[in-house]
There are 2 protein chains.
Amino acid sequence: MKNQVDLVHWDAEELGNHHRILSERYEAYREQKISLDMSRGKPCREQLELSAPMLQILPPDDPLRAEDGSDCLNYGGLDGIPEAKALFSQVLGVDPKELLIGGNSSLTMMHDTLSRAMLHGVYGSELPWGKLPKVKFLCPSPGYDRHFAICELLNIEMIVVDMLPGGPDMEQVEQLVREDDSIKGIWCVPKYSNPDGITYSDETVDRLARMKTAAADFRIFWDDAYTVHHLTSKPDELKSIHAACRTAGNPDRVFIFSSTAKITFPGAGVAVLASSERNLDLIRRQLAVQTIGPDKINQLRHVRFLPDADHVKRHMEKHAAIIKPKFDLVLQKFEAELGGKQIASWHKPNGGYFISLNTLDGCAKEVVRMAAEAGVTLTKAGATFPYGRDPRDRNIRIAPTFPSLAELDTAMDILCLCVQLASIRKILSER
Amino acid sequence: MKNQVDLVHWDAEELGNHHRILSERYEAYREQKISLDMSRGKPCREQLELSAPMLQILPPDDPLRAEDGSDCLNYGGLDGIPEAKALFSQVLGVDPKELLIGGNSSLTMMHDTLSRAMLHGVYGSELPWGKLPKVKFLCPSPGYDRHFAICELLNIEMIVVDMLPGGPDMEQVEQLVREDDSIKGIWCVPKYSNPDGITYSDETVDRLARMKTAAADFRIFWDDAYTVHHLTSKPDELKSIHAACRTAGNPDRVFIFSSTAKITFPGAGVAVLASSERNLDLIRRQLAVQTIGPDKINQLRHVRFLPDADHVKRHMEKHAAIIKPKFDLVLQKFEAELGGKQIASWHKPNGGYFISLNTLDGCAKEVVRMAAEAGVTLTKAGATFPYGRDPRDRNIRIAPTFPSLAELDTAMDILCLCVQLASIRKILSER
């Protein structure tokens, strides 16, 4: 039966022999004492250097004033300088009045938006969410671990919704939100999703926008983190949720988050929140108490460096040129080592920062453990699910951008060995 | 009686005549259509330019790495780069391990610390404060309006405590916190207080540190905003509250906040929180969910520009050289126009950003209204008290730093006219 690629059809002896050969290769790697951290989606140094000129872009004699005359060095300007609103208006396709430009972290904007909802409610809330007996959020999974961490911190119960090729399973979503008024929101990474690399279909966007929700103050937390982060010249297109919500008569339903973390600098970028004017008016009233305003100088650097969407596009092509070979390498390795064996599946993303690998059920933790033992730190198995619990223990998030190609080559060899070894043991244990 | 300076002793005719003369001068100003905003304590452009070289301080070939090797452009470093901790350790006199270096706004750190206390509690809390039937804070007043706004936003009841020459009235404070376990904290601006310019005495610091509090998780919110902001070469000395709390056996009692907002740039400075390691450990666990970390590049700029406390000191002398003449002018005007008349009192501060003027009871609102009508916008009367209610309607906060000397000269003439006019009417109305 050895001419069959599919490992499930091999007999025990064949599998045993193969396990021995792979084990020897795994041990050889282990002895090399490799140390490589692939746990987070971090840009590599070469990517960061693309934006280094931005740090020099304000000349010594620059007046450092925004278009509206405000002094970027001084206090003032709660929601960002006009030219930063103009830039993100182009990138996100919303009106400048529907934008609030923040500090260096869209995660902070998401946390604070949810934290404010708990303390004060959102526009239209009868009560602060924290005063309700129970608050629940839908969490399409696998998803982004930091979204789930925010819910966990705020004692918001998370309900797993399956991810399908066109986005969250909308049958599940629609039924849940229609029946349960304690479900106040849903987390979405709608474009090049973390970790699957999936872009929501137009139908998904429309159904999210128009679905009936038992909670009148239901909100979609739309983390459009990878909106311009394409890997191909034929990028995915995402329908505007903001327009769809307005069309559906639910204009206040969505909070859109994005940032330049992976356009310019992860640690020193500019974050943005887009929403209806009514939502933003309420947030601004609370924000005026929380802050003296964002770092306007850093916003000024950004708009000088990337004055419009076209500059952003060209800049992102430079990122793609650096990271696409890394994505390609991972996919080639998977194809060569795991392809056809019926022990793993993956999606080929057109953008974003991750490749999502699904092993046989019950193997992800073991694979991550084995990889770590051979020196390759992957995202913790389970991290892509609420409470860190992957019900099928199969999803592994691969973050290819940070390591060099050579490191990635080794890491993927090790990962593929681990997947095969764990799979063989799993297959044998079930016979 | 006209040889008496004290207006209270003038007879009605004398007062009436004087009122007429002053009114003519006031009307003359009104016709000049002046427009001058003195409502906030903002540095002037000349002060901001002192730090402009900081924006150019990172050369194009700089590796942009912190002492510990971390890449300042990338993710990581939740609580600040080591060299920023070293700097603030010198400035605030605490261990680097007791510091958390943040973004551009200490107000955000204060809001978030209190917001986290409401949502999750502080170290040692049995319950999140938001789960309690009532939370109260002591507010030494006059005080900083933005502190009061945070309490108001979070539904924390504010209790006014009088300010005395050595700080808050500690008799009042001690009694209140001993008897009421819903009192969870106190706001303090301990050095060159906003608006009085008072520095707390050693005795006040010690009593705050050792007082018995009914709430086991009572916290002092110590806004040390003006710690290096001296106006004289013989600056006030503030006893270390952190050391005093430790000595008193209450090591977790205090959160100390500060920032470079008025050292470098109000909009693009670096904020800091100092507290016990136990307090910070808990905050870091929550902060790890809220943010990907502060802007480390801006921290790097700061430590390159101001590598140690000695550089900070010399830098602050340059600020003092610009703003001391403005403080002097205000005080000279007050002395010349209001001195001895028994209609107003003020404190001469050795540092900070404000001069606090107390009129006759019931005159502050009227003075601020009249000044605004003549084109001078002052801080809203009442703003220095919780809920915007000054029980004696007498306190006016003067922020002399932003206007030019010439503008300030005019503004103070107008202010002194308004004080005299309102006072005369008040005196006459009470006869």
# chains A, B, ... in the order shown; residues from 1 in each chain; ligands from 1
call {"tool": "interface_residues", "arguments": {"of": "chain A", "to": "chain B", "cutoff": "8 Å", "atoms": "only C-alpha atoms", "output": "ChimeraX atom specification"}}
result
/A:42-43,48,52-53,55-56,58-60,72-76,104-105,107-108,111-112,119,146,149-150,153-154,265-268,286,289-297
call {"tool": "residues_around", "arguments": {"residues": "segment 21-37 of chain B", "least_positions_apart": "2", "cutoff": "8 Å", "atoms": "only C-alpha atoms", "output": "PyMOL selection string"}}
result
chain B and resi 17-19+39-40+373-378+403+407+411+414+417-418+420-421
call {"tool": "residues_around", "arguments": {"residues": "Tyr200 of chain A", "least_positions_apart": "6", "cutoff": "6 Å", "atoms": "only C-alpha atoms", "output": "list in words"}}
result
Gly166, Gly167 and Pro190 of chain A
call {"tool": "residues_around", "arguments": {"residues": "Arg207 of chain A", "least_positions_apart": "6", "cutoff": "12 Å", "atoms": "only C-alpha atoms", "output": "PDB file with C-alpha atoms, in the first residue's frame"}}
result
ATOM      1  CA  GLY A 166     -16.861  32.789   3.522  1.00  0.00           C
ATOM      2  CA  GLY A 167     -16.567  33.889   7.144  1.00  0.00           C
ATOM      3  CA  PRO A 168     -18.436  32.977  10.323  1.00  0.00           C
ATOM      4  CA  ASP A 169     -21.231  30.407  10.043  1.00  0.00           C
ATOM      5  CA  MET A 170     -24.079  32.868   9.588  1.00  0.00           C
ATOM      6  CA  GLU A 171     -26.792  30.321  10.306  1.00  0.00           C
ATOM      7  CA  GLN A 172     -25.342  29.907  13.790  1.00  0.00           C
ATOM      8  CA  VAL A 173     -24.754  33.642  14.219  1.00  0.00           C
ATOM      9  CA  GLU A 174     -28.237  34.679  13.127  1.00  0.00           C
ATOM     10  CA  GLN A 175     -29.946  32.160  15.355  1.00  0.00           C
ATOM     11  CA  VAL A 177     -28.256  36.797  18.207  1.00  0.00           C
ATOM     12  CA  TYR A 200     -15.645  37.494   4.448  1.00  0.00           C
ATOM     13  CA  SER A 201     -17.979  37.116   1.464  1.00  0.00           C
ATOM     14  CA  THR A 213     -30.550  40.993  17.141  1.00  0.00           C
ATOM     15  CA  ILE A 220     -19.905  44.241  15.578  1.00  0.00           C
ATOM     16  CA  LYS A 239     -17.573  44.712   1.104  1.00  0.00           C
ATOM     17  CA  ILE A 241     -19.735  46.759   6.528  1.00  0.00           C
ATOM     18  CA  ALA A 244     -24.091  47.690   4.555  1.00  0.00           C
ATOM     19  CA  CYS A 245     -25.169  48.513   8.114  1.00  0.00           C
ATOM     20  CA  THR A 247     -28.358  50.356   4.113  1.00  0.00           C
ATOM     21  CA  ALA A 248     -29.859  47.760   6.441  1.00  0.00           C
ATOM     22  CA  ASN A 250     -28.550  49.594  11.497  1.00  0.00           C
TER      23      ASN A 250
END
call {"tool": "closest_residue", "arguments": {"among": "B:Val303, B:Leu273, B:Asp217, B:Met412", "to": "Glu337 of chain B", "atoms": "only C-alpha atoms"}}
result
B:Met412
call {"tool": "residues_around", "arguments": {"residues": "His229 of chain A", "least_positions_apart": "3", "cutoff": "9 Å", "atoms": "only C-alpha atoms", "output": "list in words"}}
result
Tyr192, Ala225, Tyr226, Pro235, Lys262, Ile263, Lys313, Met316, Glu317, His319, Ala320, Asn350, Gly351, Gly352 and Tyr353 of chain A
call {"tool": "closest_residue", "arguments": {"among": "B:Ser182, B:Ala344, B:Pro142, B:Val8", "to": "Glu430 of chain B", "atoms": "only C-alpha atoms"}}
result
B:Val8
call {"tool": "closest_residue", "arguments": {"among": "A:Arg284, A:Lys326, A:His347, A:Arg431", "to": "Leu405 of chain A", "atoms": "only C-alpha atoms"}}
result
A:Lys326
call {"tool": "residues_around", "arguments": {"residues": "Gly143 of chain B", "least_positions_apart": "2", "cutoff": "9 Å", "atoms": "only C-alpha atoms", "output": "PyMOL selection string"}}
result
chain B and resi 139-141+145-148+163+187-189+193-196+383-386
